[in-house]
Structures are given as C-alpha cells and as structure tokens.
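Read through the structure below, which is laid out as structure tokens, and then see the notes.
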Amino acid sequence: MGPFTLVGAGARVGDGSVLHSHVVVGSGAAVGGRCVLRPHAVIGPEVVLGDSVEVQASAVLGREPNGAGAVTRPPVFVRRVSIGNGCAIGAHATIYCDVEIGPDSLVGDGASIREGARIGARCIISRCVTVNYDVTIGDDVKIMDNTHVTGGTTIGHGAFVSTMVAMANDNQPTATGSASDRLAGPTIEAGAVVGAGAILLPGVVIGAGATVGAGAVVTRDVAERTTVFGMPARPR
C-alpha cells in the first residue's frame with residue numbers, strides 16, 4: 001500500500017493486491033485478490049472488483065450521477081458497481097454507479113460509462129468511448145475510439161462498432177417536458193458490423209450479421225445479413 005492511500009470503513013482488499021500512492025477505496029468496497037490500483041485511482045463506496053483487476057491512474061469507479069437540474073431525465077440508480085475478474089480499466093476512465101462489467105473486459109483511457117450500463121464478458125470499450133445510461137452490451141463486443149453509444153441502446157453478442165460512430169435516441173431534442181415516452185436508442189444485433197463514422201438515428205435496428213458501411217446515415221431498419229451504405233443508407 002503506497003503513501004497517502006485511504007481505505008474506508010468496512011472495505012476489503014484481497015491477498016496480493018497492490019494499492020499505489022493516493023488511491024482511495026470507499027467504505028464497503030471490495031477489492032479482489034491480485035488487483036493493481038495505480039496512483040490516484042478512486043474506488044467508490046460499494047464498488048466490487050473481482051480478482052486480477054487493474055485500474056489505471058486517476059480512474060474513477062462508482063461516481064454518483066448528478067443532473068444538476070439541467071436535464072429533463074433525473075438520474076435513477078443504485079449505489080453499486082461490479083467489475084469482473086481480469087478486467088482492465090484505463091487511465092482517467094469514469095464508471096458511474098449502477099454499472100456491471102463482465103470478466104476479461106477492457107475499458108480504455110478516458111472512457112465514460114453511465115448508470116444502468118450492463119456490459120458482458122471479453123468486451124472492448126475503447127479510448128474516449130461514451131456509453132450513456134441504460135445501455136446493454138453483450139459478450140465479445142468491440143466498440144472503438146471516440147464512439148458515442150446513446151441511452152437505451154442494445155448491442156448484441158459479437159458485434160463490432162468502429163471509430164467515431166454516433167448514435168441518437170431523440171427525434172425531438174428541443175421538446176419540453178418528459179422525454180421518457182419518446183426516447184429510443186438503436187439496436188445492434190449479434191454479429192453486426194458498423195463502419196467508421198456511421199450515424200445511427202433513434203430506434204433503428206441493425207439486424208444480425210448486417211454491415212453498415214463507413215459514413216452511412218442509417219434512418220431505417222437494416223435486415224439481417226444485409227450490407228448498407230450511403231446517405232441515407234440503402235442496401236447495396
């Protein structure tokens with residue numbers, strides 16, 4: 001345990017774990033065996049790390065969301081985070097409360113994962129990816145750098161989402177009042193591929209095994225095992 005490290009009341013640290021300087025482990029947190037927490041990592045209250053998890057410098061796990069009155073959808077969450085065995089969390093990544101990540105997954109530097117996210121095993125959430133609230137991601141999914149996964153999105157097992165993909169869930173972003181009845185994130189089914197710079201509009205379904213070409217703007221559902229590209233995207 002390095003200098004200036006703080007372990008809160010009721011927290012547990014497993015055998016063989018290394019806590020570098022200025023690490024904070026919140027009350028009631030559980031750090032598994034053989035974990036490595038790099039300098040200035042913050043493990044919030046009630047966060048559970050499995051065995052052999054590595055958390056890089058200045059990552060924050062268990063951040064409490066706060067809408068600050070600026071959002072129409074008040075954050076809803078429970079204070080828990082579960083990180084599976086063998087995961088790696090990159091430097092300056094932020095994982096909010098109420099997130100579950102399966103074993104052997106990688107979260108890249110600067111990534112942000114919001115409350116309600118459920119991420120499977122052996123996934124890659126790459127550098128500076130933003131995963132918004134209530135997103136469900138299956139096993140063996142790869143999401144590459146600088147992609148935004150909007151709230152309510154579902155991504156099936158084995159799907160691949162390339163760099164700088166943008167997803168939207170609201171066709172009336174300036175409307176007043178509650179947005180809950182109109183928000184609809186895209187669905188990317190198992191084994192689908194979304195090319196670099198594609199844009200997926202609210203509620204579209206990318207069928208299993210389908211391919212969306214780079215730069216495509218998807219305005220309607222894509223059938224299984226179909227290739228689309230263009231603006232708007234059409235089967236080719």
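Residue numbering restarts at 1 in every chain; chains get A, B, ... in the order shown in the structure tokens, and ligands count up from 1 in that same order.
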- [ ] Using backbone DSSP assignments, extract all strand (DSSP E or B) residues from range 30-235 of chain A; output them as an MDAnalysis selection string.
- [x] chainID A and resid 30:31 36:37 42:43 47:49 54:55 60:63 81:83 88:89 94:96 99:101 106:107 112:113 118:119 124:125 130:131 136:137 142:143 148:149 154:155 160:161 166:167 187:188 193:194 199:200 205:206 211:212 217:218 222 227:229 234:235
Identify, on the basis of only C-alpha atoms, every residue whose closest approach to range 138-148 of chain A does not exceed 10 Å; exclude the query and any residue fewer than 3 positions from it along the same chain; express the result as a PDB file with N, CA, C and O atoms, in the first residue's frame.
```pdb
ATOM      1  N   ILE A 101     -19.881  -4.926 -15.309  1.00  0.00           N
ATOM      2  CA  ILE A 101     -18.991  -5.271 -16.414  1.00  0.00           C
ATOM      3  C   ILE A 101     -18.505  -6.701 -16.200  1.00  0.00           C
ATOM      4  O   ILE A 101     -18.003  -7.043 -15.119  1.00  0.00           O
ATOM      5  N   GLY A 102     -18.651  -7.539 -17.216  1.00  0.00           N
ATOM      6  CA  GLY A 102     -18.271  -8.933 -17.114  1.00  0.00           C
ATOM      7  C   GLY A 102     -16.766  -9.146 -17.140  1.00  0.00           C
ATOM      8  O   GLY A 102     -15.989  -8.210 -17.356  1.00  0.00           O
ATOM      9  N   PRO A 103     -16.330 -10.387 -16.926  1.00  0.00           N
ATOM     10  CA  PRO A 103     -14.897 -10.677 -16.807  1.00  0.00           C
ATOM     11  C   PRO A 103     -14.123 -10.436 -18.097  1.00  0.00           C
ATOM     12  O   PRO A 103     -14.671 -10.520 -19.202  1.00  0.00           O
ATOM     13  N   ASP A 104     -12.834 -10.122 -17.904  1.00  0.00           N
ATOM     14  CA  ASP A 104     -11.864 -10.010 -19.005  1.00  0.00           C
ATOM     15  C   ASP A 104     -12.212  -8.924 -20.010  1.00  0.00           C
ATOM     16  O   ASP A 104     -11.861  -9.019 -21.190  1.00  0.00           O
ATOM     17  N   SER A 105     -12.891  -7.894 -19.571  1.00  0.00           N
ATOM     18  CA  SER A 105     -13.217  -6.768 -20.442  1.00  0.00           C
ATOM     19  C   SER A 105     -12.231  -5.628 -20.235  1.00  0.00           C
ATOM     20  O   SER A 105     -11.630  -5.486 -19.165  1.00  0.00           O
ATOM     21  N   LEU A 106     -12.077  -4.815 -21.279  1.00  0.00           N
ATOM     22  CA  LEU A 106     -11.155  -3.687 -21.273  1.00  0.00           C
ATOM     23  C   LEU A 106     -11.937  -2.397 -21.448  1.00  0.00           C
ATOM     24  O   LEU A 106     -12.729  -2.261 -22.384  1.00  0.00           O
ATOM     25  N   VAL A 107     -11.697  -1.448 -20.554  1.00  0.00           N
ATOM     26  CA  VAL A 107     -12.249  -0.103 -20.680  1.00  0.00           C
ATOM     27  C   VAL A 107     -11.074   0.837 -20.912  1.00  0.00           C
ATOM     28  O   VAL A 107     -10.163   0.921 -20.094  1.00  0.00           O
ATOM     29  N   GLY A 108     -11.060   1.535 -22.052  1.00  0.00           N
ATOM     30  CA  GLY A 108      -9.908   2.326 -22.460  1.00  0.00           C
ATOM     31  C   GLY A 108      -9.777   3.643 -21.727  1.00  0.00           C
ATOM     32  O   GLY A 108     -10.682   4.098 -21.013  1.00  0.00           O
ATOM     33  N   ASP A 109      -8.649   4.283 -21.940  1.00  0.00           N
ATOM     34  CA  ASP A 109      -8.361   5.576 -21.320  1.00  0.00           C
ATOM     35  C   ASP A 109      -9.445   6.596 -21.675  1.00  0.00           C
ATOM     36  O   ASP A 109      -9.841   6.733 -22.833  1.00  0.00           O
ATOM     37  N   GLY A 110      -9.908   7.323 -20.668  1.00  0.00           N
ATOM     38  CA  GLY A 110     -10.850   8.405 -20.901  1.00  0.00           C
ATOM     39  C   GLY A 110     -12.260   7.987 -21.241  1.00  0.00           C
ATOM     40  O   GLY A 110     -13.096   8.846 -21.556  1.00  0.00           O
ATOM     41  N   ALA A 111     -12.571   6.698 -21.172  1.00  0.00           N
ATOM     42  CA  ALA A 111     -13.931   6.245 -21.461  1.00  0.00           C
ATOM     43  C   ALA A 111     -14.871   6.659 -20.337  1.00  0.00           C
ATOM     44  O   ALA A 111     -14.459   6.847 -19.194  1.00  0.00           O
ATOM     45  N   SER A 112     -16.159   6.797 -20.673  1.00  0.00           N
ATOM     46  CA  SER A 112     -17.178   7.148 -19.693  1.00  0.00           C
ATOM     47  C   SER A 112     -18.339   6.173 -19.833  1.00  0.00           C
ATOM     48  O   SER A 112     -18.871   5.990 -20.934  1.00  0.00           O
ATOM     49  N   ARG A 118     -24.962  -2.322 -18.651  1.00  0.00           N
ATOM     50  CA  ARG A 118     -24.669  -3.733 -18.413  1.00  0.00           C
ATOM     51  C   ARG A 118     -23.805  -4.206 -19.574  1.00  0.00           C
ATOM     52  O   ARG A 118     -24.256  -4.252 -20.716  1.00  0.00           O
ATOM     53  N   ILE A 119     -22.574  -4.566 -19.262  1.00  0.00           N
ATOM     54  CA  ILE A 119     -21.579  -4.901 -20.284  1.00  0.00           C
ATOM     55  C   ILE A 119     -21.105  -6.329 -20.040  1.00  0.00           C
ATOM     56  O   ILE A 119     -20.786  -6.700 -18.903  1.00  0.00           O
ATOM     57  N   GLY A 120     -21.047  -7.112 -21.090  1.00  0.00           N
ATOM     58  CA  GLY A 120     -20.729  -8.526 -20.967  1.00  0.00           C
ATOM     59  C   GLY A 120     -19.252  -8.817 -20.817  1.00  0.00           C
ATOM     60  O   GLY A 120     -18.431  -7.944 -20.519  1.00  0.00           O
ATOM     61  N   ALA A 121     -18.905 -10.075 -21.046  1.00  0.00           N
ATOM     62  CA  ALA A 121     -17.534 -10.557 -20.892  1.00  0.00           C
ATOM     63  C   ALA A 121     -16.724 -10.322 -22.163  1.00  0.00           C
ATOM     64  O   ALA A 121     -17.260 -10.304 -23.272  1.00  0.00           O
ATOM     65  N   ARG A 122     -15.432 -10.128 -21.974  1.00  0.00           N
ATOM     66  CA  ARG A 122     -14.448 -10.034 -23.069  1.00  0.00           C
ATOM     67  C   ARG A 122     -14.769  -8.911 -24.055  1.00  0.00           C
ATOM     68  O   ARG A 122     -14.555  -9.034 -25.257  1.00  0.00           O
ATOM     69  N   CYS A 123     -15.297  -7.825 -23.540  1.00  0.00           N
ATOM     70  CA  CYS A 123     -15.623  -6.670 -24.379  1.00  0.00           C
ATOM     71  C   CYS A 123     -14.468  -5.674 -24.390  1.00  0.00           C
ATOM     72  O   CYS A 123     -13.651  -5.632 -23.470  1.00  0.00           O
ATOM     73  N   ILE A 124     -14.435  -4.859 -25.437  1.00  0.00           N
ATOM     74  CA  ILE A 124     -13.523  -3.720 -25.508  1.00  0.00           C
ATOM     75  C   ILE A 124     -14.361  -2.455 -25.638  1.00  0.00           C
ATOM     76  O   ILE A 124     -15.110  -2.287 -26.606  1.00  0.00           O
ATOM     77  N   ILE A 125     -14.248  -1.592 -24.641  1.00  0.00           N
ATOM     78  CA  ILE A 125     -14.835  -0.250 -24.692  1.00  0.00           C
ATOM     79  C   ILE A 125     -13.627   0.673 -24.811  1.00  0.00           C
ATOM     80  O   ILE A 125     -12.960   0.967 -23.829  1.00  0.00           O
ATOM     81  N   SER A 126     -13.317   1.109 -25.990  1.00  0.00           N
ATOM     82  CA  SER A 126     -12.003   1.684 -26.277  1.00  0.00           C
ATOM     83  C   SER A 126     -11.878   3.140 -25.803  1.00  0.00           C
ATOM     84  O   SER A 126     -12.749   3.673 -25.118  1.00  0.00           O
ATOM     85  N   ARG A 127     -10.790   3.772 -26.176  1.00  0.00           N
ATOM     86  CA  ARG A 127     -10.442   5.103 -25.668  1.00  0.00           C
ATOM     87  C   ARG A 127     -11.517   6.135 -26.002  1.00  0.00           C
ATOM     88  O   ARG A 127     -11.967   6.240 -27.132  1.00  0.00           O
ATOM     89  N   CYS A 128     -11.885   6.889 -24.987  1.00  0.00           N
ATOM     90  CA  CYS A 128     -12.807   8.025 -25.126  1.00  0.00           C
ATOM     91  C   CYS A 128     -14.176   7.632 -25.660  1.00  0.00           C
ATOM     92  O   CYS A 128     -14.907   8.474 -26.195  1.00  0.00           O
ATOM     93  N   VAL A 129     -14.557   6.375 -25.526  1.00  0.00           N
ATOM     94  CA  VAL A 129     -15.926   5.962 -25.837  1.00  0.00           C
ATOM     95  C   VAL A 129     -16.844   6.459 -24.729  1.00  0.00           C
ATOM     96  O   VAL A 129     -16.495   6.403 -23.543  1.00  0.00           O
ATOM     97  N   THR A 130     -18.031   6.958 -25.097  1.00  0.00           N
ATOM     98  CA  THR A 130     -19.033   7.331 -24.108  1.00  0.00           C
ATOM     99  C   THR A 130     -20.212   6.373 -24.216  1.00  0.00           C
ATOM    100  O   THR A 130     -20.838   6.259 -25.268  1.00  0.00           O
ATOM    101  N   VAL A 131     -20.483   5.691 -23.119  1.00  0.00           N
ATOM    102  CA  VAL A 131     -21.636   4.788 -23.025  1.00  0.00           C
ATOM    103  C   VAL A 131     -22.646   5.471 -22.121  1.00  0.00           C
ATOM    104  O   VAL A 131     -22.398   5.648 -20.929  1.00  0.00           O
ATOM    105  N   ASN A 132     -23.775   5.853 -22.679  1.00  0.00           N
ATOM    106  CA  ASN A 132     -24.759   6.609 -21.908  1.00  0.00           C
ATOM    107  C   ASN A 132     -25.595   5.683 -21.034  1.00  0.00           C
ATOM    108  O   ASN A 132     -25.303   4.491 -20.921  1.00  0.00           O
ATOM    109  N   GLY A 151     -28.214   6.640 -24.830  1.00  0.00           N
ATOM    110  CA  GLY A 151     -29.017   5.975 -23.825  1.00  0.00           C
ATOM    111  C   GLY A 151     -30.055   5.048 -24.418  1.00  0.00           C
ATOM    112  O   GLY A 151     -30.705   5.359 -25.414  1.00  0.00           O
ATOM    113  N   THR A 154     -29.043  -1.121 -27.333  1.00  0.00           N
ATOM    114  CA  THR A 154     -28.737  -2.525 -27.087  1.00  0.00           C
ATOM    115  C   THR A 154     -27.791  -3.017 -28.171  1.00  0.00           C
ATOM    116  O   THR A 154     -28.045  -2.806 -29.360  1.00  0.00           O
ATOM    117  N   ILE A 155     -26.701  -3.665 -27.756  1.00  0.00           N
ATOM    118  CA  ILE A 155     -25.711  -4.200 -28.704  1.00  0.00           C
ATOM    119  C   ILE A 155     -25.544  -5.684 -28.407  1.00  0.00           C
ATOM    120  O   ILE A 155     -25.202  -6.073 -27.288  1.00  0.00           O
ATOM    121  N   GLY A 156     -25.783  -6.523 -29.409  1.00  0.00           N
ATOM    122  CA  GLY A 156     -25.761  -7.971 -29.230  1.00  0.00           C
ATOM    123  C   GLY A 156     -24.368  -8.566 -29.234  1.00  0.00           C
ATOM    124  O   GLY A 156     -23.372  -7.916 -29.566  1.00  0.00           O
ATOM    125  N   HIS A 157     -24.308  -9.838 -28.873  1.00  0.00           N
ATOM    126  CA  HIS A 157     -23.044 -10.548 -28.756  1.00  0.00           C
ATOM    127  C   HIS A 157     -22.232 -10.478 -30.054  1.00  0.00           C
ATOM    128  O   HIS A 157     -22.760 -10.648 -31.151  1.00  0.00           O
ATOM    129  N   GLY A 158     -20.935 -10.251 -29.908  1.00  0.00           N
ATOM    130  CA  GLY A 158     -20.023 -10.332 -31.037  1.00  0.00           C
ATOM    131  C   GLY A 158     -20.121  -9.204 -32.038  1.00  0.00           C
ATOM    132  O   GLY A 158     -19.487  -9.267 -33.097  1.00  0.00           O
ATOM    133  N   ALA A 159     -20.868  -8.159 -31.752  1.00  0.00           N
ATOM    134  CA  ALA A 159     -20.967  -7.029 -32.681  1.00  0.00           C
ATOM    135  C   ALA A 159     -19.687  -6.197 -32.645  1.00  0.00           C
ATOM    136  O   ALA A 159     -18.954  -6.190 -31.653  1.00  0.00           O
ATOM    137  N   PHE A 160     -19.450  -5.487 -33.735  1.00  0.00           N
ATOM    138  CA  PHE A 160     -18.279  -4.604 -33.845  1.00  0.00           C
ATOM    139  C   PHE A 160     -18.755  -3.218 -34.253  1.00  0.00           C
ATOM    140  O   PHE A 160     -19.457  -3.054 -35.257  1.00  0.00           O
ATOM    141  N   VAL A 161     -18.363  -2.217 -33.475  1.00  0.00           N
ATOM    142  CA  VAL A 161     -18.706  -0.830 -33.763  1.00  0.00           C
ATOM    143  C   VAL A 161     -17.395  -0.066 -33.911  1.00  0.00           C
ATOM    144  O   VAL A 161     -16.604   0.002 -32.966  1.00  0.00           O
ATOM    145  N   SER A 162     -17.162   0.507 -35.065  1.00  0.00           N
ATOM    146  CA  SER A 162     -15.878   1.141 -35.364  1.00  0.00           C
ATOM    147  C   SER A 162     -15.767   2.524 -34.727  1.00  0.00           C
ATOM    148  O   SER A 162     -16.579   2.930 -33.907  1.00  0.00           O
ATOM    149  N   THR A 163     -14.735   3.240 -35.117  1.00  0.00           N
ATOM    150  CA  THR A 163     -14.423   4.535 -34.518  1.00  0.00           C
ATOM    151  C   THR A 163     -15.406   5.618 -34.945  1.00  0.00           C
ATOM    152  O   THR A 163     -15.970   5.600 -36.031  1.00  0.00           O
ATOM    153  N   MET A 164     -15.622   6.579 -34.046  1.00  0.00           N
ATOM    154  CA  MET A 164     -16.363   7.814 -34.316  1.00  0.00           C
ATOM    155  C   MET A 164     -17.779   7.565 -34.817  1.00  0.00           C
ATOM    156  O   MET A 164     -18.338   8.349 -35.574  1.00  0.00           O
ATOM    157  N   VAL A 165     -18.376   6.470 -34.386  1.00  0.00           N
ATOM    158  CA  VAL A 165     -19.782   6.217 -34.688  1.00  0.00           C
ATOM    159  C   VAL A 165     -20.639   7.042 -33.730  1.00  0.00           C
ATOM    160  O   VAL A 165     -20.337   7.154 -32.545  1.00  0.00           O
ATOM    161  N   ALA A 166     -21.708   7.647 -34.247  1.00  0.00           N
ATOM    162  CA  ALA A 166     -22.626   8.451 -33.431  1.00  0.00           C
ATOM    163  C   ALA A 166     -24.000   7.802 -33.435  1.00  0.00           C
ATOM    164  O   ALA A 166     -24.497   7.385 -34.478  1.00  0.00           O
ATOM    165  N   MET A 167     -24.601   7.714 -32.252  1.00  0.00           N
ATOM    166  CA  MET A 167     -25.942   7.155 -32.122  1.00  0.00           C
ATOM    167  C   MET A 167     -26.837   8.184 -31.441  1.00  0.00           C
ATOM    168  O   MET A 167     -26.398   8.901 -30.542  1.00  0.00           O
ATOM    169  N   ALA A 168     -28.100   8.245 -31.870  1.00  0.00           N
ATOM    170  CA  ALA A 168     -29.060   9.205 -31.311  1.00  0.00           C
ATOM    171  C   ALA A 168     -30.298   8.468 -30.832  1.00  0.00           C
ATOM    172  O   ALA A 168     -30.631   7.388 -31.338  1.00  0.00           O
ATOM    173  N   GLU A 189     -27.848  -5.890 -33.497  1.00  0.00           N
ATOM    174  CA  GLU A 189     -27.989  -7.295 -33.155  1.00  0.00           C
ATOM    175  C   GLU A 189     -26.676  -8.057 -33.296  1.00  0.00           C
ATOM    176  O   GLU A 189     -25.670  -7.527 -33.776  1.00  0.00           O
ATOM    177  N   ALA A 190     -26.698  -9.312 -32.873  1.00  0.00           N
ATOM    178  CA  ALA A 190     -25.486 -10.124 -32.764  1.00  0.00           C
ATOM    179  C   ALA A 190     -24.715 -10.190 -34.083  1.00  0.00           C
ATOM    180  O   ALA A 190     -25.300 -10.397 -35.151  1.00  0.00           O
ATOM    181  N   GLY A 191     -23.400 -10.003 -33.978  1.00  0.00           N
ATOM    182  CA  GLY A 191     -22.523 -10.166 -35.124  1.00  0.00           C
ATOM    183  C   GLY A 191     -22.568  -9.065 -36.156  1.00  0.00           C
ATOM    184  O   GLY A 191     -21.893  -9.152 -37.191  1.00  0.00           O
ATOM    185  N   ALA A 192     -23.333  -8.013 -35.930  1.00  0.00           N
ATOM    186  CA  ALA A 192     -23.393  -6.901 -36.888  1.00  0.00           C
ATOM    187  C   ALA A 192     -22.115  -6.078 -36.827  1.00  0.00           C
ATOM    188  O   ALA A 192     -21.412  -6.051 -35.812  1.00  0.00           O
ATOM    189  N   VAL A 193     -21.823  -5.385 -37.927  1.00  0.00           N
ATOM    190  CA  VAL A 193     -20.638  -4.540 -38.041  1.00  0.00           C
ATOM    191  C   VAL A 193     -21.083  -3.142 -38.447  1.00  0.00           C
ATOM    192  O   VAL A 193     -21.824  -2.976 -39.427  1.00  0.00           O
ATOM    193  N   VAL A 194     -20.624  -2.133 -37.698  1.00  0.00           N
ATOM    194  CA  VAL A 194     -20.936  -0.739 -38.011  1.00  0.00           C
ATOM    195  C   VAL A 194     -19.627  -0.033 -38.330  1.00  0.00           C
ATOM    196  O   VAL A 194     -18.720   0.017 -37.498  1.00  0.00           O
ATOM    197  N   ALA A 196     -16.756   2.902 -39.644  1.00  0.00           N
ATOM    198  CA  ALA A 196     -16.263   4.150 -39.058  1.00  0.00           C
ATOM    199  C   ALA A 196     -17.120   5.342 -39.474  1.00  0.00           C
ATOM    200  O   ALA A 196     -17.486   5.489 -40.645  1.00  0.00           O
ATOM    201  N   GLY A 197     -17.446   6.188 -38.505  1.00  0.00           N
ATOM    202  CA  GLY A 197     -18.149   7.427 -38.782  1.00  0.00           C
ATOM    203  C   GLY A 197     -19.611   7.289 -39.145  1.00  0.00           C
ATOM    204  O   GLY A 197     -20.241   8.276 -39.540  1.00  0.00           O
ATOM    205  N   ALA A 198     -20.184   6.105 -39.000  1.00  0.00           N
ATOM    206  CA  ALA A 198     -21.605   5.937 -39.301  1.00  0.00           C
ATOM    207  C   ALA A 198     -22.455   6.657 -38.262  1.00  0.00           C
ATOM    208  O   ALA A 198     -22.020   6.891 -37.130  1.00  0.00           O
ATOM    209  N   ILE A 199     -23.683   6.998 -38.654  1.00  0.00           N
ATOM    210  CA  ILE A 199     -24.644   7.654 -37.762  1.00  0.00           C
ATOM    211  C   ILE A 199     -25.896   6.792 -37.723  1.00  0.00           C
ATOM    212  O   ILE A 199     -26.497   6.493 -38.762  1.00  0.00           O
TER     213      ILE A 199
END
```
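For the choices A:Ile206, A:Met1, A:Val149, A:Ala233, the atom-to-atom distance to Gly185 in chain A is smallest for A:Val149 when using only C-alpha atoms.
We find CA of Gly62 in chain A and CA of His40 in chain A to be spaced 14.2 Å apart.
Across the model, the gap from CA of Gly86 in chain A to CA of Pro65 in chain A is 26.0 Å.
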Pro235 in chain A: which residues within 9 Å, counting only C-alpha atoms, same-chain residues fewer than 2 positions away excluded, as an mmCIF file with N, CA and C atoms, in the first residue's frame?
```cif
data_model
loop_
_atom_site.group_PDB
_atom_site.id
_atom_site.type_symbol
_atom_site.label_atom_id
_atom_site.label_comp_id
_atom_site.auth_asym_id
_atom_site.auth_seq_id
_atom_site.Cartn_x
_atom_site.Cartn_y
_atom_site.Cartn_z
ATOM 1 N N VAL A 222 -32.209 -2.139 -40.770
ATOM 2 C CA VAL A 222 -31.369 -2.885 -41.705
ATOM 3 C C VAL A 222 -31.634 -4.373 -41.484
ATOM 4 N N ALA A 223 -31.966 -5.081 -42.538
ATOM 5 C CA ALA A 223 -32.289 -6.505 -42.419
ATOM 6 C C ALA A 223 -31.047 -7.319 -42.069
ATOM 7 N N THR A 226 -27.436 -8.046 -44.305
ATOM 8 C CA THR A 226 -27.536 -7.098 -45.406
ATOM 9 C C THR A 226 -26.452 -6.040 -45.255
ATOM 10 N N THR A 227 -25.899 -5.594 -46.375
ATOM 11 C CA THR A 227 -24.924 -4.501 -46.366
ATOM 12 C C THR A 227 -25.585 -3.232 -46.856
ATOM 13 N N VAL A 228 -25.435 -2.164 -46.055
ATOM 14 C CA VAL A 228 -25.972 -0.867 -46.454
ATOM 15 C C VAL A 228 -24.867 0.176 -46.379
ATOM 16 N N PHE A 229 -24.983 1.179 -47.253
ATOM 17 C CA PHE A 229 -24.112 2.345 -47.142
ATOM 18 C C PHE A 229 -24.758 3.504 -47.867
ATOM 19 N N GLY A 230 -24.210 4.686 -47.650
ATOM 20 C CA GLY A 230 -24.746 5.877 -48.292
ATOM 21 C C GLY A 230 -25.483 6.759 -47.309
ATOM 22 N N ALA A 233 -28.649 5.519 -45.772
ATOM 23 C CA ALA A 233 -28.136 4.181 -46.065
ATOM 24 C C ALA A 233 -29.198 3.332 -46.767
#
```
Open item on the list: I'd like to know which of A:Ala57, A:Ala9, A:Ala216, A:Ile43 is closest to Ile83 in chain A, using only C-alpha atoms.
Closed with: A:Ile43
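Considering the residues A:Ala208, A:Ile188, A:Pro232, A:Thr174 and counting only C-alpha atoms, Gly152 in chain A has its shortest atom-to-atom contact with A:Ile188.
Here CA of Gly10 in chain A is placed at a distance of 29.0 Å from CA of Tyr133 in chain A.
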